[in-house]
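Participant: Take a look at the following structure, please.
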Amino acid sequence: MCDSLVLCFPLFFCGPSAQMKVLIDRMYSFIDANRKPKYPGKKLVLIITYDKNESADVVSVVEAQMRDLFSNVLGFDLKGFLIYKCEHDVIAAANDVAMINLSKKIGENL
């Protein structure tokens, strides 16, 4: 059993990837018959990447859904949430000082 979990997924066609949806479906077993979390308080960091052409409204809706699902339904202790707009340039992400500093701060909280 882990103490912390980091989940990273891209947005495709206005929602989480198919692989993330499968993981979410499988996490149904993390709640009991009374719809209470079986493993409350496990630390979690969520990372969402999205294309520069994705609507900011869509990103906001998915963020809210993930916060609700993982915090309220599954009982995770959400330690951080990173949302990164990809420019299809690996070097740009590596040079994004603000994102690197935020990532480091979240990592220190785990």
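If you're wondering about the labels, chains in the structure tokens are A, B, ... by order shown, residues count from 1 in each chain, ligands from 1 in order shown.
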Please provide as a PyMOL selection string all residues within 6 Å of range 44-57 of chain A, with the sequence filter that same-chain residues fewer than 5 positions apart are discarded (counting only C-alpha atoms).
Facilitator: chain A and resi 4-11+77-86
Participant: Limited to N, CA, C and O atoms, could you put the picked residues into a file as a compact mmCIF listing (two decimals), in the first residue's frame?
Facilitator:
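As written to disk, again11.txt reads:
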# COMPACT_ATOMS: atom_id res chain seq x y z
N SER A 4 1.58 7.82 -0.86
CA SER A 4 1.27 8.93 -1.76
C SER A 4 1.09 8.39 -3.18
O SER A 4 1.66 7.36 -3.54
N LEU A 5 0.33 9.14 -3.95
CA LEU A 5 0.07 8.76 -5.33
C LEU A 5 0.14 10.02 -6.19
O LEU A 5 -0.38 11.07 -5.81
N VAL A 6 0.82 9.92 -7.33
CA VAL A 6 0.88 11.01 -8.29
C VAL A 6 0.27 10.50 -9.59
O VAL A 6 0.74 9.50 -10.14
N LEU A 7 -0.79 11.15 -10.02
CA LEU A 7 -1.46 10.77 -11.27
C LEU A 7 -1.32 11.91 -12.27
O LEU A 7 -1.63 13.06 -11.96
N CYS A 8 -0.88 11.58 -13.44
CA CYS A 8 -0.71 12.56 -14.51
C CYS A 8 -1.44 12.05 -15.74
O CYS A 8 -1.31 10.89 -16.11
N PHE A 9 -2.23 12.93 -16.33
CA PHE A 9 -2.95 12.52 -17.53
C PHE A 9 -3.21 13.73 -18.43
O PHE A 9 -3.34 14.84 -17.97
N PRO A 10 -3.29 13.47 -19.72
CA PRO A 10 -3.62 14.54 -20.67
C PRO A 10 -5.12 14.64 -20.87
O PRO A 10 -5.86 13.68 -20.62
N LEU A 11 -5.55 15.80 -21.30
CA LEU A 11 -6.94 15.95 -21.75
C LEU A 11 -6.98 15.66 -23.24
O LEU A 11 -6.15 16.18 -24.00
N ASP A 77 -6.22 12.93 0.20
CA ASP A 77 -5.77 14.23 0.69
C ASP A 77 -5.01 14.88 -0.47
O ASP A 77 -3.84 14.57 -0.70
N LEU A 78 -5.67 15.75 -1.20
CA LEU A 78 -5.09 16.37 -2.39
C LEU A 78 -4.02 17.37 -1.97
O LEU A 78 -4.33 18.44 -1.44
N LYS A 79 -2.77 17.02 -2.21
CA LYS A 79 -1.64 17.85 -1.82
C LYS A 79 -1.23 18.84 -2.89
O LYS A 79 -0.52 19.80 -2.61
N GLY A 80 -1.66 18.60 -4.10
CA GLY A 80 -1.30 19.52 -5.18
C GLY A 80 -2.03 19.18 -6.45
O GLY A 80 -2.44 18.04 -6.67
N PHE A 81 -2.17 20.21 -7.27
CA PHE A 81 -2.85 20.05 -8.55
C PHE A 81 -2.11 20.92 -9.55
O PHE A 81 -2.10 22.14 -9.42
N LEU A 82 -1.45 20.29 -10.50
CA LEU A 82 -0.74 21.01 -11.55
C LEU A 82 -1.51 20.91 -12.85
O LEU A 82 -1.95 19.83 -13.23
N ILE A 83 -1.67 22.03 -13.48
CA ILE A 83 -2.32 22.06 -14.79
C ILE A 83 -1.35 22.75 -15.73
O ILE A 83 -0.96 23.90 -15.50
N TYR A 84 -0.94 22.03 -16.78
CA TYR A 84 0.08 22.57 -17.67
C TYR A 84 -0.40 22.60 -19.11
O TYR A 84 -0.81 21.57 -19.65
N LYS A 85 -0.33 23.77 -19.70
CA LYS A 85 -0.69 23.94 -21.12
C LYS A 85 0.53 23.60 -21.95
O LYS A 85 1.58 24.26 -21.85
N CYS A 86 0.43 22.54 -22.74
CA CYS A 86 1.55 22.08 -23.56
C CYS A 86 1.64 22.88 -24.86
O CYS A 86 0.64 23.16 -25.49
Participant: How would you write, as a list of chain:residue names, the set of residues in range 35-77 of chain A that DSSP gives as alpha helix (DSSP H)?
Facilitator: A:Ala56, A:Asp57, A:Val58, A:Val59, A:Ser60, A:Val61, A:Val62, A:Glu63, A:Ala64, A:Gln65, A:Met66, A:Arg67
Participant: I'd like the contact shell of Lys36 in chain A - 10 Å cut-off, only C-alpha atoms, skipping same-chain residues fewer than 6 positions apart - returned as a list of chain:residue names.
Facilitator: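 Skipping anything fewer than 6 positions along the chain leaves A:Phe30, A:Asn72, A:Val73, A:Leu74, A:Gly75.
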Participant: Just how far from CA of Leu69 in chain A is CA of Ala18 in chain A, in Å to one decimal?
Facilitator: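 Computing the Euclidean distance for CA of Ala18 in chain A and CA of Leu69 in chain A yields 16.5 Å.
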Participant: Any chance you could list, as a ChimeraX atom specification, the residues in chain A that come up strand (DSSP E) when DSSP is run on the backbone?
Facilitator: /A:4-12,15-16,43-51,77-86
Participant: I need the residue nearest Ala64 in chain A from this list: A:Cys2, A:Gly15, A:Ala94, A:Arg35. Use only C-alpha atoms for the distance.
Facilitator: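 When distances to Ala64 in chain A are compared using only C-alpha atoms, the smallest one comes from A:Gly15.
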Participant: Which residue is closest to Gly41 in chain A? Choose from A:Gly107, A:Ala93, A:Phe70, A:Leu102 and count only C-alpha atoms.
Facilitator: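 When distances to Gly41 in chain A are compared using only C-alpha atoms, the smallest one comes from A:Phe70.
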Participant: Do you have the CA of Lys21 in chain A-CA of Gln65 in chain A distance handy?
Facilitator: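 That distance, rounded to one decimal, is 12.2 Å.
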Participant: So which one's closest to Pro40 in chain A, A:Ser71, A:Lys105, A:Met1, A:Glu87? Using only C-alpha atoms, please.
Facilitator: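 With only C-alpha atoms as the atom set, the closest residue is A:Ser71.
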Participant: Would you mind reading off the distance between CA of Val62 in chain A and CA of Phe13 in chain A, one decimal, in Å?
Facilitator: 11.6 Å
Participant: Give the answer as one residue: which of A:Phe76, A:Pro16, A:Met99, A:Asp89 has the shortest atom-to-atom distance to Lys42 in chain A, using only C-alpha atoms?
Facilitator: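 Nearest to Lys42 in chain A: A:Phe76.
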